[in-house]
>>> print(open('protein_14.cif').read())   # mmCIF, C-alpha atoms
data_coords
#
loop_
_atom_site.label_atom_id
_atom_site.label_comp_id
_atom_site.auth_asym_id
_atom_site.auth_seq_id
_atom_site.Cartn_x
_atom_site.Cartn_y
_atom_site.Cartn_z
CA MET Q 290 -7.50 -30.54 35.30
CA THR Q 291 -5.19 -27.55 35.77
CA ARG Q 292 -3.06 -28.87 32.93
CA THR Q 293 -6.10 -29.13 30.64
CA ILE Q 294 -7.14 -25.56 31.46
CA LEU Q 295 -3.61 -24.30 30.82
CA LEU Q 296 -3.45 -26.18 27.52
CA LEU Q 297 -6.83 -24.77 26.49
CA ALA Q 298 -5.73 -21.26 27.45
CA CYS Q 299 -2.55 -21.65 25.39
CA LEU Q 300 -4.50 -22.90 22.40
CA LEU Q 301 -6.94 -20.00 22.66
CA ALA Q 302 -4.10 -17.49 23.01
CA GLY Q 303 -2.37 -19.08 20.02
CA ALA Q 304 -5.53 -18.90 17.95
CA ALA Q 305 -6.08 -15.26 18.91
CA SER Q 306 -2.52 -14.39 18.10
CA ALA Q 307 -2.70 -16.22 14.77
CA ARG Q 308 -5.84 -14.26 13.92
CA GLY Q 309 -4.15 -11.02 14.87
CA ASP Q 310 -1.21 -11.85 12.63
CA GLU Q 311 -3.32 -12.71 9.61
CA SER Q 312 -3.54 -9.15 8.41
CA ALA Q 313 0.17 -8.65 9.08
CA THR Q 314 1.04 -11.51 6.78
CA LEU Q 315 -0.77 -10.08 3.78
CA LYS Q 316 1.45 -8.95 0.94
CA ALA Q 317 -0.83 -5.96 0.44
CA GLY Q 318 -1.04 -2.89 2.66
CA VAL Q 319 -3.51 -3.51 5.47
CA PHE Q 320 -6.15 -1.22 6.97
CA ASP Q 321 -6.64 -1.48 10.69
CA PRO Q 322 -9.40 -1.55 11.68
CA PRO Q 323 -11.01 -2.42 8.36
CA ARG Q 324 -14.08 -0.38 7.41
CA ALA Q 325 -17.08 -1.32 5.33
CA ALA Q 326 -16.27 -0.84 1.66
CA PRO Q 327 -18.50 2.00 0.43
CA ASP Q 328 -21.24 0.57 -1.73
CA PHE Q 329 -22.06 2.06 -5.12
CA THR Q 330 -24.42 1.56 -7.99
CA LEU Q 331 -22.97 2.00 -11.46
CA GLN Q 332 -23.69 0.68 -14.90
CA GLY Q 333 -22.09 -2.74 -15.21
CA SER Q 334 -20.28 -3.89 -18.33
CA ASP Q 335 -22.54 -6.96 -18.30
CA GLY Q 336 -25.56 -4.72 -18.92
CA SER Q 337 -26.97 -4.87 -15.40
CA ALA Q 338 -26.64 -2.48 -12.47
CA LEU Q 339 -23.29 -2.93 -10.78
CA LYS Q 340 -23.61 -2.89 -7.01
CA LEU Q 341 -20.62 -3.81 -4.92
CA SER Q 342 -22.87 -5.53 -2.39
CA ARG Q 343 -23.85 -7.97 -5.14
CA TYR Q 344 -20.54 -9.71 -4.51
CA ARG Q 345 -20.87 -10.21 -0.77
CA GLY Q 346 -19.42 -13.64 0.01
CA LYS Q 347 -16.58 -13.22 -2.47
CA VAL Q 348 -13.26 -11.47 -2.32
CA VAL Q 349 -13.51 -8.44 -4.59
CA LEU Q 350 -10.44 -6.98 -6.25
CA LEU Q 351 -11.42 -3.42 -7.04
CA GLY Q 352 -9.35 -1.34 -9.45
CA PHE Q 353 -9.72 1.95 -11.30
CA GLY Q 354 -8.50 2.78 -14.79
CA PHE Q 355 -9.59 3.24 -18.37
CA THR Q 356 -9.63 1.16 -21.52
CA SER Q 357 -7.26 3.43 -23.47
CA CYS Q 358 -4.63 3.23 -20.74
CA ALA Q 359 -1.38 2.13 -22.28
CA ALA Q 360 0.95 1.74 -19.34
CA VAL Q 361 -0.77 0.75 -16.11
CA CYS Q 362 -4.13 -0.93 -16.70
CA PRO Q 363 -2.98 -3.67 -19.10
CA VAL Q 364 -0.33 -4.71 -16.58
CA THR Q 365 -2.74 -4.69 -13.65
CA LEU Q 366 -5.48 -6.52 -15.52
CA GLY Q 367 -3.02 -9.01 -16.95
CA THR Q 368 -1.79 -9.73 -13.43
CA LEU Q 369 -5.33 -10.11 -12.10
CA ALA Q 370 -6.22 -12.42 -14.99
CA ALA Q 371 -3.16 -14.55 -14.24
CA ALA Q 372 -4.13 -14.72 -10.57
CA HIS Q 373 -7.71 -15.61 -11.45
CA LYS Q 374 -6.52 -18.42 -13.70
CA LYS Q 375 -3.90 -19.70 -11.29
CA VAL Q 376 -6.09 -19.77 -8.20
CA GLY Q 377 -8.06 -22.74 -9.57
CA ALA Q 378 -11.33 -23.69 -7.93
CA GLN Q 379 -11.22 -20.65 -5.66
CA ALA Q 380 -11.72 -18.44 -8.70
CA ALA Q 381 -15.43 -18.84 -8.03
CA ASP Q 382 -14.90 -16.90 -4.78
CA LEU Q 383 -13.12 -14.05 -6.50
CA GLN Q 384 -14.53 -11.13 -8.46
CA VAL Q 385 -12.55 -8.47 -10.26
CA VAL Q 386 -14.34 -5.14 -10.59
CA TYR Q 387 -12.72 -2.43 -12.69
CA ILE Q 388 -14.18 1.08 -12.66
CA THR Q 389 -13.43 3.55 -15.37
CA VAL Q 390 -12.09 7.04 -14.80
CA ASP Q 391 -12.92 7.92 -18.42
CA PRO Q 392 -16.72 7.77 -18.81
CA GLU Q 393 -16.57 9.82 -22.00
CA ARG Q 394 -15.10 6.91 -23.93
CA ASP Q 395 -15.72 3.91 -21.67
CA ASP Q 396 -19.32 2.86 -22.08
CA ALA Q 397 -20.51 -0.57 -20.97
CA PRO Q 398 -20.00 -2.42 -24.30
CA ARG Q 399 -16.50 -1.01 -24.70
CA MET Q 400 -15.55 -2.03 -21.18
CA LYS Q 401 -17.01 -5.49 -21.67
CA LYS Q 402 -14.97 -6.04 -24.83
CA TYR Q 403 -11.81 -4.67 -23.24
CA LEU Q 404 -12.08 -6.65 -20.00
CA ALA Q 405 -13.01 -9.86 -21.83
CA ALA Q 406 -9.63 -9.73 -23.51
CA PHE Q 407 -8.16 -10.35 -20.05
CA ASP Q 408 -10.85 -12.49 -18.46
CA PRO Q 409 -14.53 -12.74 -19.37
CA THR Q 410 -15.56 -12.86 -15.70
CA PHE Q 411 -14.18 -9.39 -14.98
CA ILE Q 412 -16.86 -6.76 -14.51
CA GLY Q 413 -16.45 -3.13 -15.52
CA GLY Q 414 -18.26 -0.18 -14.03
CA THR Q 415 -19.13 3.08 -15.72
CA GLY Q 416 -21.56 5.93 -15.16
CA SER Q 417 -21.89 9.67 -15.22
CA ASP Q 418 -19.04 11.99 -14.28
CA GLN Q 419 -20.78 12.73 -11.00
CA GLN Q 420 -21.41 9.09 -10.14
CA LEU Q 421 -17.82 8.10 -10.83
CA ALA Q 422 -16.41 11.11 -8.99
CA ALA Q 423 -18.47 10.12 -5.94
CA VAL Q 424 -17.08 6.58 -6.03
CA ARG Q 425 -13.52 7.87 -6.43
CA LYS Q 426 -14.01 10.19 -3.48
CA ASP Q 427 -15.27 7.34 -1.29
CA TYR Q 428 -12.21 5.28 -2.14
CA GLY Q 429 -9.61 8.06 -2.18
CA ILE Q 430 -8.83 7.55 -5.85
CA ALA Q 431 -6.95 10.25 -7.73
CA ALA Q 432 -7.63 10.67 -11.46
CA GLN Q 433 -6.56 13.57 -13.63
CA LYS Q 434 -7.01 14.09 -17.34
CA VAL Q 435 -3.72 14.81 -19.06
CA ALA Q 436 -3.72 17.70 -21.51
CA GLY Q 437 -3.11 16.39 -25.01
CA PRO Q 438 -4.75 14.87 -28.06
CA ASP Q 439 -4.98 11.29 -26.78
CA GLY Q 440 -7.16 12.15 -23.78
CA SER Q 441 -5.10 10.12 -21.36
CA TYR Q 442 -5.43 10.07 -17.58
CA THR Q 443 -3.12 9.73 -14.65
CA HIS Q 444 -4.84 7.69 -11.97
CA SER Q 445 -4.28 5.71 -8.79
CA SER Q 446 -2.86 2.39 -9.82
CA PHE Q 447 -3.44 0.20 -6.78
CA VAL Q 448 -6.08 -2.48 -6.29
CA TYR Q 449 -8.30 -2.71 -3.22
CA LEU Q 450 -8.95 -6.07 -1.59
CA ILE Q 451 -12.46 -6.36 -0.18
CA ASP Q 452 -13.19 -9.39 1.97
CA PRO Q 453 -16.29 -11.63 1.71
CA ALA Q 454 -17.95 -9.62 4.51
CA GLY Q 455 -17.68 -6.47 2.39
CA ARG Q 456 -14.87 -4.86 4.37
CA LEU Q 457 -12.08 -2.90 2.79
CA ARG Q 458 -9.17 -4.93 4.09
CA ALA Q 459 -6.12 -4.05 2.06
CA LEU Q 460 -4.55 -2.22 -0.85
CA MET Q 461 -2.15 -3.85 -3.29
CA PRO Q 462 0.25 -1.37 -4.87
CA PHE Q 463 0.93 -1.53 -8.58
CA GLY Q 464 3.52 -4.03 -9.70
CA HIS Q 465 2.90 -6.95 -7.35
CA PRO Q 466 2.90 -10.34 -9.10
CA ALA Q 467 -0.12 -12.63 -9.43
CA ASP Q 468 1.25 -14.89 -6.69
CA ASP Q 469 0.95 -12.08 -4.15
CA TYR Q 470 -2.73 -11.68 -5.00
CA ILE Q 471 -3.26 -15.43 -4.67
CA HIS Q 472 -1.44 -15.43 -1.34
CA ASP Q 473 -3.70 -12.70 0.05
CA LEU Q 474 -6.84 -14.12 -1.52
CA LYS Q 475 -6.31 -17.41 0.28
CA ILE Q 476 -5.86 -15.63 3.60
CA LEU Q 477 -8.98 -13.53 3.13
CA LEU Q 478 -11.05 -16.54 2.14
CA ALA Q 479 -9.73 -18.66 4.99
CA ALA Q 480 -10.36 -16.07 7.71
CA PRO Q 481 -13.15 -13.79 6.61
CA MET X 11 62.90 7.59 25.26
CA LYS X 12 59.69 9.37 26.11
CA PHE X 13 56.71 9.02 23.75
CA PRO X 14 55.28 12.50 23.06
CA ARG X 15 51.85 12.99 24.59
CA ARG X 16 50.36 14.51 21.45
CA HIS X 17 51.40 11.44 19.47
CA ALA X 18 49.62 9.23 21.94
CA LEU X 19 46.51 11.39 21.62
CA ALA X 20 46.66 11.24 17.83
CA ILE X 21 47.06 7.48 17.89
CA ALA X 22 44.14 7.18 20.30
CA LEU X 23 42.02 9.41 18.06
CA VAL X 24 42.87 7.44 14.92
CA ALA X 25 42.19 4.18 16.75
CA GLY X 26 38.85 5.57 17.93
CA VAL X 27 37.83 6.64 14.43
CA LEU X 28 38.89 3.29 13.00
CA GLY X 29 36.93 1.55 15.75
CA VAL X 30 33.79 3.52 14.95
CA LEU X 31 34.22 2.83 11.23
CA ALA X 32 34.74 -0.86 11.90
CA TRP X 33 31.63 -0.95 14.08
CA ALA X 34 29.60 0.89 11.42
CA ALA X 35 30.82 -1.47 8.71
CA LEU X 36 30.54 -4.75 10.57
CA LYS X 37 27.52 -4.43 12.82
CA PRO X 38 24.36 -5.47 10.97
CA VAL X 39 21.85 -2.65 10.56
CA GLN X 40 18.88 -3.51 12.74
CA PHE X 41 16.10 -1.75 14.61
CA ALA X 42 13.59 -3.05 17.10
CA SER X 43 10.84 -2.23 14.60
CA ARG X 44 10.86 -2.27 10.82
CA GLU X 45 8.08 0.30 10.67
CA GLU X 46 8.55 3.86 9.46
CA VAL X 47 5.68 5.67 11.11
CA PHE X 48 3.87 8.80 9.92
CA GLU X 49 0.89 10.20 11.77
CA ILE X 50 -1.73 12.81 11.04
CA PRO X 51 -2.06 14.53 14.41
CA ARG X 52 -5.45 15.40 15.83
CA GLY X 53 -6.61 18.83 14.71
CA THR X 54 -4.81 18.74 11.36
CA TRP X 55 -7.99 19.22 9.37
CA ALA X 56 -8.99 22.19 11.54
CA ARG X 57 -5.54 23.73 11.02
CA ARG X 58 -5.81 23.28 7.27
CA MET X 59 -9.27 24.84 7.27
CA SER X 60 -7.86 27.87 9.05
CA GLY X 61 -5.33 28.31 6.25
CA ASP X 62 -2.33 26.65 7.87
CA LYS X 63 -0.34 24.69 5.27
CA VAL X 64 0.36 21.50 7.13
CA GLU X 65 2.74 18.99 5.55
CA ILE X 66 2.73 15.59 7.20
CA LEU X 67 4.26 13.33 4.63
CA PRO X 68 7.42 14.20 2.77
CA SER X 69 7.06 13.93 -1.00
CA GLN X 70 9.76 11.26 -0.93
CA ILE X 71 10.11 8.55 1.69
CA ARG X 72 13.19 6.33 1.80
CA LEU X 73 12.90 2.80 3.18
CA THR X 74 15.44 0.00 3.39
CA LEU X 75 14.66 -3.68 2.91
CA GLY X 76 15.18 -5.77 6.01
CA VAL X 77 15.74 -2.67 8.13
CA ARG X 78 12.86 -0.22 7.72
CA ASP X 79 10.68 -1.70 5.02
CA VAL X 80 7.19 -1.19 6.39
CA LEU X 81 5.34 2.07 5.96
CA LEU X 82 2.86 2.69 8.76
CA LEU X 83 0.42 5.57 8.37
CA ARG X 84 -1.97 6.57 11.14
CA ASN X 85 -4.85 9.01 10.96
CA LEU X 86 -5.28 10.36 14.48
CA ASP X 87 -7.47 13.23 13.28
CA ASP X 88 -11.24 13.39 13.69
CA VAL X 89 -12.03 13.34 9.97
CA PRO X 90 -11.18 11.07 7.02
CA GLN X 91 -7.94 12.08 5.32
CA VAL X 92 -6.35 11.29 2.00
CA PHE X 93 -3.04 10.17 3.41
CA GLY X 94 -0.35 8.74 1.20
CA PRO X 95 -1.90 6.59 -1.45
CA THR X 96 -5.34 6.21 0.05
CA ILE X 97 -8.15 7.58 2.15
CA MET X 98 -8.09 6.73 5.82
CA MET X 99 -10.84 6.97 8.40
CA PRO X 100 -10.33 8.61 11.81
CA GLY X 101 -8.38 6.27 14.06
CA GLN X 102 -7.47 4.00 11.18
CA SER X 103 -3.96 2.90 10.33
CA PHE X 104 -2.49 1.57 7.12
CA ARG X 105 0.47 -0.78 7.15
CA LEU X 106 2.25 -1.31 3.85
CA PRO X 107 5.16 -3.77 3.70
CA PHE X 108 7.70 -3.76 0.87
CA GLU X 109 9.62 -6.79 -0.35
CA VAL X 110 11.27 -5.49 -3.51
CA ALA X 111 13.79 -2.69 -3.75
CA SER X 112 12.44 -0.16 -6.21
CA SER X 113 10.89 3.27 -6.53
CA TYR X 114 7.13 3.37 -5.99
CA ALA X 115 5.08 6.34 -7.12
CA PHE X 116 1.66 6.95 -5.63
CA ALA X 117 -0.88 9.52 -6.66
CA CYS X 118 -1.31 11.63 -3.53
CA THR X 119 -3.55 14.65 -3.37
CA ALA X 120 -1.86 15.72 -0.14
CA HIS X 121 1.09 17.02 -2.15
CA LEU X 122 1.24 19.90 -4.57
CA SER X 123 2.95 17.67 -7.13
CA GLY X 124 0.07 15.21 -6.77
CA GLN X 125 2.57 12.44 -6.27
CA MET X 126 4.38 10.73 -3.45
CA THR X 127 7.41 8.53 -4.08
CA ILE X 128 8.62 5.74 -1.84
CA VAL X 129 12.16 4.66 -2.57
CA VAL X 130 12.94 1.22 -1.21
CA GLU X 131 16.66 0.53 -1.10
CA PRO X 132 18.29 -2.92 -0.95
CA GLN X 133 19.31 -4.30 2.42
CA PRO X 134 22.84 -3.14 3.32
CA LEU X 135 24.59 -6.49 3.71
CA SER X 136 28.21 -5.79 2.84
CA PRO X 137 30.48 -3.79 5.19
CA TRP X 138 30.76 -1.01 2.63
CA ALA X 139 26.96 -0.89 2.16
CA ARG X 140 26.44 -0.71 5.95
CA LEU X 141 28.99 2.03 6.28
CA ARG X 142 27.44 3.99 3.47
CA TRP X 143 23.92 3.43 4.85
CA ARG X 144 24.90 4.71 8.28
CA ALA X 145 26.80 7.66 6.83
CA VAL X 146 23.80 8.74 4.73
CA ARG X 147 21.43 8.44 7.72
CA LEU X 148 23.84 10.39 9.90
CA TRP X 149 24.10 13.08 7.25
CA ASP X 150 20.29 13.23 6.92
CA ALA X 151 19.95 13.57 10.67
CA VAL X 152 22.53 16.33 10.93
CA ALA X 153 21.62 18.27 7.77
#
>>> encode(input="protein_14.cif", output="structure tokens")
Amino acid sequence: MTRTILLLACLLAGAASARGDESATLKAGVFDPPRAAPDFTLQGSDGSALKLSRYRGKVVLLGFGFTSCAAVCPVTLGTLAAAHKKVGAQAADLQVVYITVDPERDDAPRMKKYLAAFDPTFIGGTGSDQQLAAVRKDYGIAAQKVAGPDGSYTHSSFVYLIDPAGRLRALMPFGHPADDYIHDLKILLAAP
Amino acid sequence: MKFPRRHALAIALVAGVLGVLAWAALKPVQFASREEVFEIPRGTWARRMSGDKVEILPSQIRLTLGVRDVLLLRNLDDVPQVFGPTIMMPGQSFRLPFEVASSYAFACTAHLSGQMTIVVEPQPLSPWARLRWRAVRLWDAVA
């Protein structure tokens, strides 16, 4: 009896420790404790209202950029598209949301066309200057228009990982390969 | 024949220096923790509001793979803070591991330049790399 209790205690301790280590094993940077990802309502590139809470139950990869971005966004979106393709059946549990920092040029049809070039399931978000500034503030996103004729922006280049319960769990810095996203996606889906 | 005392001292000194160099070159660089910790102390926001220019994060952070390759940021203040690359809630921490030696630039409104750079150096595995690594850290600590 004592042996059974000890064994049970060890198993429980092991399970607790494994759960505690989950976040530590992510490739992305981890928030502890995680907080609820701020919800927002923007204009979706699919023509409907884009609410983050719409994707509860999925892992959301949330990025910020603009369709005329030459250096950062194509790399990030290409990586996310590769991860989405490579993850197989679990792609159904994954949603990429990309919010523009350039509402002047990025309307919903333009974002739809741009994102579809990477993956047709990706959803873009746009809105008024004020709406987008509020979302950026909630997520600590920096975006600054660069003086010059091409109207470029410097902007935060990381991608947030939001778990199926709608919690902001981690932040993947720019440059990580698709396999790192898949690695973290599997962890977040396995232990929501 | 008597060996001059000052020669013995010189030999001992040289032997000591060589010993230290050998230790620095041969002993693997290791710490109990691989985390480089930065904290926003409580009351930082209030100090900033009163006009105090508080710098918590250097504009450049140097990490070393396999030695100190995890950035750990903690917001101990009472208000949310844009800290490093992201916004952090009171009491929240952010743990960012690095696996590739490179230079990482983050937009960071906490700095006047608007940017924070994290330089991740390769793990010092050869004796020369260990020696150099320790010498640079010693210099940084003294300077």
>>> resolve_selection(input="protein_14.cif", expression="the PyMOL selection byres ((chain Q) within 10 of (chain X))", output="PyMOL selection string")
chain Q and resi 312-324+426-433+443-447+449+458-465
>>> write_last_selection(input="protein_14.cif", atoms="C-alpha atoms", output="PDB file, keeping the file's coordinate frame")
ATOM      1  CA  SER Q 312      -3.540  -9.150   8.410  1.00  0.00           C
ATOM      2  CA  ALA Q 313       0.170  -8.650   9.080  1.00  0.00           C
ATOM      3  CA  THR Q 314       1.040 -11.510   6.780  1.00  0.00           C
ATOM      4  CA  LEU Q 315      -0.770 -10.080   3.780  1.00  0.00           C
ATOM      5  CA  LYS Q 316       1.450  -8.950   0.940  1.00  0.00           C
ATOM      6  CA  ALA Q 317      -0.830  -5.960   0.440  1.00  0.00           C
ATOM      7  CA  GLY Q 318      -1.040  -2.890   2.660  1.00  0.00           C
ATOM      8  CA  VAL Q 319      -3.510  -3.510   5.470  1.00  0.00           C
ATOM      9  CA  PHE Q 320      -6.150  -1.220   6.970  1.00  0.00           C
ATOM     10  CA  ASP Q 321      -6.640  -1.480  10.690  1.00  0.00           C
ATOM     11  CA  PRO Q 322      -9.400  -1.550  11.680  1.00  0.00           C
ATOM     12  CA  PRO Q 323     -11.010  -2.420   8.360  1.00  0.00           C
ATOM     13  CA  ARG Q 324     -14.080  -0.380   7.410  1.00  0.00           C
ATOM     14  CA  LYS Q 426     -14.010  10.190  -3.480  1.00  0.00           C
ATOM     15  CA  ASP Q 427     -15.270   7.340  -1.290  1.00  0.00           C
ATOM     16  CA  TYR Q 428     -12.210   5.280  -2.140  1.00  0.00           C
ATOM     17  CA  GLY Q 429      -9.610   8.060  -2.180  1.00  0.00           C
ATOM     18  CA  ILE Q 430      -8.830   7.550  -5.850  1.00  0.00           C
ATOM     19  CA  ALA Q 431      -6.950  10.250  -7.730  1.00  0.00           C
ATOM     20  CA  ALA Q 432      -7.630  10.670 -11.460  1.00  0.00           C
ATOM     21  CA  GLN Q 433      -6.560  13.570 -13.630  1.00  0.00           C
ATOM     22  CA  THR Q 443      -3.120   9.730 -14.650  1.00  0.00           C
ATOM     23  CA  HIS Q 444      -4.840   7.690 -11.970  1.00  0.00           C
ATOM     24  CA  SER Q 445      -4.280   5.710  -8.790  1.00  0.00           C
ATOM     25  CA  SER Q 446      -2.860   2.390  -9.820  1.00  0.00           C
ATOM     26  CA  PHE Q 447      -3.440   0.200  -6.780  1.00  0.00           C
ATOM     27  CA  TYR Q 449      -8.300  -2.710  -3.220  1.00  0.00           C
ATOM     28  CA  ARG Q 458      -9.170  -4.930   4.090  1.00  0.00           C
ATOM     29  CA  ALA Q 459      -6.120  -4.050   2.060  1.00  0.00           C
ATOM     30  CA  LEU Q 460      -4.550  -2.220  -0.850  1.00  0.00           C
ATOM     31  CA  MET Q 461      -2.150  -3.850  -3.290  1.00  0.00           C
ATOM     32  CA  PRO Q 462       0.250  -1.370  -4.870  1.00  0.00           C
ATOM     33  CA  PHE Q 463       0.930  -1.530  -8.580  1.00  0.00           C
ATOM     34  CA  GLY Q 464       3.520  -4.030  -9.700  1.00  0.00           C
ATOM     35  CA  HIS Q 465       2.900  -6.950  -7.350  1.00  0.00           C
TER      36      HIS Q 465
END
>>> closest_residue(input="protein_14.cif", among="X:Ser113, X:Glu46, X:Val89, X:Thr74", to="Trp143 (chain X)", atoms="all atoms listed in the file")
X:Thr74
>>> closest_residue(input="protein_14.cif", among="X:Leu31, X:Asn85, X:Val24, X:Pro14", to="Ile50 (chain X)", atoms="all atoms listed in the file")
X:Asn85
>>> atom_distance(input="protein_14.cif", atom1="CA of Leu141 (chain X)", atom2="CA of Ala32 (chain X)")
8.5 Å
>>> closest_residue(input="protein_14.cif", among="Q:Ala423, Q:Ala406, Q:Ala436, Q:Leu369", to="Leu450 (chain Q)", atoms="all atoms listed in the file")
Q:Leu369
>>> axis_aligned_box(input="protein_14.cif", around="region 54-64 of chain X", padding_each_side="8 Å", output="lines of an AutoDock Vina configuration file")
center_x = -4.5
center_y = 23.5
center_z = 8.4
size_x = 25.6
size_y = 25.6
size_z = 22.3
>>> resolve_selection(input="protein_14.cif", expression="the PyMOL selection byres ((chain Q and resi 335) around 7)", output="list of chain:residue names")
Q:Gly333, Q:Ser334, Q:Gly336, Q:Ser337, Q:Lys401, Q:Ile412
>>> residues_near_point(input="protein_14.cif", point="(10.5, 5.9, -0.5)", cutoff="9 Å", atoms="all atoms listed in the file", output="mmCIF file with C-alpha atoms, keeping the file's coordinate frame")
data_model
loop_
_atom_site.group_PDB
_atom_site.id
_atom_site.type_symbol
_atom_site.label_atom_id
_atom_site.label_comp_id
_atom_site.auth_asym_id
_atom_site.auth_seq_id
_atom_site.Cartn_x
_atom_site.Cartn_y
_atom_site.Cartn_z
ATOM 1 C CA SER X 69 7.060 13.930 -1.000
ATOM 2 C CA GLN X 70 9.760 11.260 -0.930
ATOM 3 C CA ILE X 71 10.110 8.550 1.690
ATOM 4 C CA ARG X 72 13.190 6.330 1.800
ATOM 5 C CA LEU X 73 12.900 2.800 3.180
ATOM 6 C CA THR X 74 15.440 0.000 3.390
ATOM 7 C CA SER X 112 12.440 -0.160 -6.210
ATOM 8 C CA SER X 113 10.890 3.270 -6.530
ATOM 9 C CA TYR X 114 7.130 3.370 -5.990
ATOM 10 C CA ALA X 115 5.080 6.340 -7.120
ATOM 11 C CA MET X 126 4.380 10.730 -3.450
ATOM 12 C CA THR X 127 7.410 8.530 -4.080
ATOM 13 C CA ILE X 128 8.620 5.740 -1.840
ATOM 14 C CA VAL X 129 12.160 4.660 -2.570
ATOM 15 C CA VAL X 130 12.940 1.220 -1.210
ATOM 16 C CA GLU X 131 16.660 0.530 -1.100
#
>>> closest_residue(input="protein_14.cif", among="Q:Val448, Q:Ala371, Q:Val361, Q:Ile388", to="Gln420 (chain Q)", atoms="all atoms listed in the file")
Q:Ile388
>>> decode(input="protein_14.cif", residues="region 343-360 of chain Q", atoms="N, CA and C atoms", output="PDB file, in the first residue's frame")
ATOM      1  N   ARG Q 343     -12.362  34.732 -32.190  1.00  0.00           N
ATOM      2  CA  ARG Q 343     -12.952  33.827 -33.167  1.00  0.00           C
ATOM      3  C   ARG Q 343     -12.134  32.523 -33.274  1.00  0.00           C
ATOM      4  N   TYR Q 344     -10.866  32.628 -32.935  1.00  0.00           N
ATOM      5  CA  TYR Q 344      -9.965  31.482 -33.142  1.00  0.00           C
ATOM      6  C   TYR Q 344      -9.655  30.723 -31.855  1.00  0.00           C
ATOM      7  N   ARG Q 345     -10.504  30.936 -30.841  1.00  0.00           N
ATOM      8  CA  ARG Q 345     -10.325  30.165 -29.606  1.00  0.00           C
ATOM      9  C   ARG Q 345     -10.403  28.673 -29.948  1.00  0.00           C
ATOM     10  N   GLY Q 346      -9.511  27.898 -29.387  1.00  0.00           N
ATOM     11  CA  GLY Q 346      -9.457  26.459 -29.716  1.00  0.00           C
ATOM     12  C   GLY Q 346      -8.332  26.144 -30.698  1.00  0.00           C
ATOM     13  N   LYS Q 347      -7.761  27.201 -31.280  1.00  0.00           N
ATOM     14  CA  LYS Q 347      -6.622  27.002 -32.184  1.00  0.00           C
ATOM     15  C   LYS Q 347      -5.405  27.722 -31.618  1.00  0.00           C
ATOM     16  N   VAL Q 348      -4.247  27.320 -32.093  1.00  0.00           N
ATOM     17  CA  VAL Q 348      -3.055  28.118 -31.807  1.00  0.00           C
ATOM     18  C   VAL Q 348      -3.010  29.231 -32.851  1.00  0.00           C
ATOM     19  N   VAL Q 349      -2.904  30.461 -32.383  1.00  0.00           N
ATOM     20  CA  VAL Q 349      -2.833  31.599 -33.297  1.00  0.00           C
ATOM     21  C   VAL Q 349      -1.394  32.111 -33.339  1.00  0.00           C
ATOM     22  N   LEU Q 350      -0.886  32.262 -34.545  1.00  0.00           N
ATOM     23  CA  LEU Q 350       0.417  32.907 -34.744  1.00  0.00           C
ATOM     24  C   LEU Q 350       0.118  34.318 -35.218  1.00  0.00           C
ATOM     25  N   LEU Q 351       0.422  35.280 -34.366  1.00  0.00           N
ATOM     26  CA  LEU Q 351       0.031  36.665 -34.631  1.00  0.00           C
ATOM     27  C   LEU Q 351       1.259  37.506 -34.964  1.00  0.00           C
ATOM     28  N   GLY Q 352       1.265  38.060 -36.183  1.00  0.00           N
ATOM     29  CA  GLY Q 352       2.386  38.899 -36.603  1.00  0.00           C
ATOM     30  C   GLY Q 352       1.905  40.261 -37.076  1.00  0.00           C
ATOM     31  N   PHE Q 353       2.846  41.182 -37.175  1.00  0.00           N
ATOM     32  CA  PHE Q 353       2.541  42.550 -37.614  1.00  0.00           C
ATOM     33  C   PHE Q 353       3.499  42.918 -38.746  1.00  0.00           C
ATOM     34  N   GLY Q 354       2.976  43.587 -39.759  1.00  0.00           N
ATOM     35  CA  GLY Q 354       3.828  43.986 -40.877  1.00  0.00           C
ATOM     36  C   GLY Q 354       3.044  44.772 -41.900  1.00  0.00           C
ATOM     37  N   PHE Q 355       3.496  44.743 -43.128  1.00  0.00           N
ATOM     38  CA  PHE Q 355       2.777  45.447 -44.195  1.00  0.00           C
ATOM     39  C   PHE Q 355       3.125  44.824 -45.539  1.00  0.00           C
ATOM     40  N   THR Q 356       2.210  44.959 -46.472  1.00  0.00           N
ATOM     41  CA  THR Q 356       2.345  44.204 -47.726  1.00  0.00           C
ATOM     42  C   THR Q 356       3.489  44.709 -48.611  1.00  0.00           C
ATOM     43  N   SER Q 357       3.929  45.957 -48.395  1.00  0.00           N
ATOM     44  CA  SER Q 357       5.033  46.468 -49.221  1.00  0.00           C
ATOM     45  C   SER Q 357       6.389  46.207 -48.578  1.00  0.00           C
ATOM     46  N   CYS Q 358       6.383  45.490 -47.474  1.00  0.00           N
ATOM     47  CA  CYS Q 358       7.634  45.208 -46.758  1.00  0.00           C
ATOM     48  C   CYS Q 358       8.524  44.314 -47.631  1.00  0.00           C
ATOM     49  N   ALA Q 359       9.751  44.745 -47.789  1.00  0.00           N
ATOM     50  CA  ALA Q 359      10.634  44.005 -48.689  1.00  0.00           C
ATOM     51  C   ALA Q 359      11.541  43.025 -47.954  1.00  0.00           C
ATOM     52  N   ALA Q 360      11.857  43.343 -46.715  1.00  0.00           N
ATOM     53  CA  ALA Q 360      12.902  42.565 -46.052  1.00  0.00           C
ATOM     54  C   ALA Q 360      12.386  41.533 -45.055  1.00  0.00           C
TER      55      ALA Q 360
END
